[in-house]
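See structure below.
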Amino acid sequence: MPDVTDPEAPLPDDPGDEVRRIVEQQYAQHINDVLGEVPRPINWRTLPPEDLEHELLELNAWVDWLRHEYGLPAQIIPPMWHRHPELLWEFSALRQHWLFCFDPQAKGNQALAWHHDFAIARERLRDWVTISGTRLDRDRPTRVTPWPGGEAEHWAEPDTTEQLVTGRTEDFLAFVEEQIRARQQEQDATIREIANTDWSDRP
């Protein structure tokens with residue numbers, strides 16, 4: 001194929017074919033840039049700190065849109081959902097499913113599939129919220145039943161004292177900072193462990 005950037009290169013037999021090829025190539029690149037990648041499930045346990053911050057902020061904005069768009073009550077989306085991992089995972093799965101179903105390349109029936117799954121998810125969310133004990137005006141950490149002799153040494157039973165819900169936005173931002181700091185500490189500890197490993201005895 002002739003190099004169109006080389007002024008001494010021979011012209012193609014049909015210049016129109018070469019122009020069409022270039023236009024198609026640029027159009028394909030443009031489509032890829034616009035559509036981006038297919039949404040994948042998010043593993044909140046393994047995200048690096050910078051990705052963790054980005055994804056938490058994006059999820060929070062989407063959940064806020066969802067509750068307004070569908071008029072959902074606090075029995076389904078309570079203000080302190082971010083403080084309850086079971087709700088965070090559920091909303092994350094719903095959002096990624098929504099992004100996939102409403103992608104410009106999705107099939108026409110995908111939106112209906114999402115609403116079908118959303119109806120089922122709402123029932124799960126009611127169960128999660130009831131079990132967790134979080135409400136519109138008050139919140140407490142989800143209770144975890146400790147197993148006798150079955151918990152890790154560093155695990156501590158959470159304090160389930162109820163707190164009044166007042167500044168929800170401020171609490172969410174504080175939560176994001178806490179998560180980033182904790183993940184950064186985990187990452188630093190892993191790096192230190194690798195750096196201090198004696199590799200001389202390894203095959």
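How things are named: the first chain in the structure tokens is A, the next is B, and so on; residues count from 1 in each chain; ligands count from 1 in the order shown.
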Original post:
Skipping near chain neighbours, those fewer than 2 positions away, what residues fall within 12 Å of A:Gln187 using only C-alpha atoms, listed as JSON, numbers by chain?
Top reply: {"A": [45, 46, 47, 48, 49, 50, 180, 181, 182, 183, 184, 185, 189, 190, 191, 192, 193, 194]}
Quick one: residues within 6 Å of stretch 89-96 of chain A, only C-alpha atoms, excluding same-chain residues fewer than 3 positions away - as a tab-separated table (two decimals) with N, CA and C atoms, in the first residue's frame?
```tsv
chain	number	residue	atom	x	y	z
A	39	PRO	N	-18.34	-1.27	29.49
A	39	PRO	CA	-18.29	-1.24	30.96
A	39	PRO	C	-18.08	-2.63	31.54
A	86	GLU	N	-22.63	-3.63	51.38
A	86	GLU	CA	-23.58	-4.42	50.61
A	86	GLU	C	-24.39	-3.55	49.65
A	99	LEU	N	-24.86	1.12	32.32
A	99	LEU	CA	-23.93	1.65	31.31
A	99	LEU	C	-23.85	0.71	30.11
```
Original post:
Excluding same-chain residues fewer than 4 positions from A:Ala61, what lies within 12 Å of it counting only C-alpha atoms, as a list of chain:residue names?
Top reply: A:His54, A:Glu55, A:Leu56, A:Leu57, A:Trp65, A:Leu66, A:Arg67, A:His68, A:His82, A:Phe91, A:Ser92, A:Arg95, A:Thr169, A:Phe172
Original post:
Which residues come within 12 Å of A:Thr145, counting only C-alpha atoms, excluding same-chain residues fewer than 6 positions away, as a list in words?
Top reply: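 Everything that qualifies: Glu151, Ala156, Glu157, Pro158 and Thr160 of chain A.
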Original post:
Taking into account only C-alpha atoms, which residue in the set A:Asp117, A:Glu123, A:Asp64, A:Asp139 is nearest to A:Ile76?
Top reply: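 Closest candidate: A:Glu123.
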**OP:** Could you tell me, as an MDAnalysis selection string, which residues of stretch 130-196 of chain A DSSP assigns to strand (DSSP E) when given the backbone?
**Re:** chainID A and resid 138:139 163:164
Would you save the residues of that selection, restricted to N, CA and C atoms, as a PDB file, in the first residue's frame?
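Output (out-v5.pdb):
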```pdb
ATOM      1  N   ARG A 138     -31.404   8.454  60.306  1.00  0.00           N
ATOM      2  CA  ARG A 138     -30.411   7.897  61.223  1.00  0.00           C
ATOM      3  C   ARG A 138     -29.692   6.731  60.550  1.00  0.00           C
ATOM      4  N   ASP A 139     -28.516   6.439  61.075  1.00  0.00           N
ATOM      5  CA  ASP A 139     -27.709   5.403  60.451  1.00  0.00           C
ATOM      6  C   ASP A 139     -26.849   4.719  61.503  1.00  0.00           C
ATOM      7  N   GLN A 163     -26.432   6.990  64.642  1.00  0.00           N
ATOM      8  CA  GLN A 163     -26.072   8.396  64.515  1.00  0.00           C
ATOM      9  C   GLN A 163     -27.141   9.099  63.687  1.00  0.00           C
ATOM     10  N   LEU A 164     -27.424  10.346  64.029  1.00  0.00           N
ATOM     11  CA  LEU A 164     -28.363  11.128  63.230  1.00  0.00           C
ATOM     12  C   LEU A 164     -27.733  11.494  61.890  1.00  0.00           C
TER      13      LEU A 164
END
```
Original post:
In terms of the shortest atom-to-atom distance over only C-alpha atoms, which of A:Glu178, A:Arg122, A:Pro85, A:Gly108 is closest to A:Val144?
Top reply: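 Of all the options, A:Pro85 lies closest to A:Val144.
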**OP:** Any chance you could list, as a ChimeraX atom specification, the residues in stretch 86-168 of chain A that come up helix (DSSP H, G or I) when DSSP is run on the backbone?
**Re:** /A:86-101,110-132,168
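Nearest residue to A:Gly167 among A:Trp147, A:Tyr70, A:Ile131, A:Asp137 is A:Asp137, counting only C-alpha atoms.
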**OP:** Quick one: pull the distance between atom CA of A:Ile77 and atom CA of A:Ala119, Å, one decimal.
**Re:**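 It comes out at 13.6 Å.
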**OP:** Select, from A:Trp98, A:Asp127, A:Asn43, A:Ser132, the residue with the minimum atom-to-atom distance to A:Ala113, counting only C-alpha atoms.
**Re:** A:Trp98
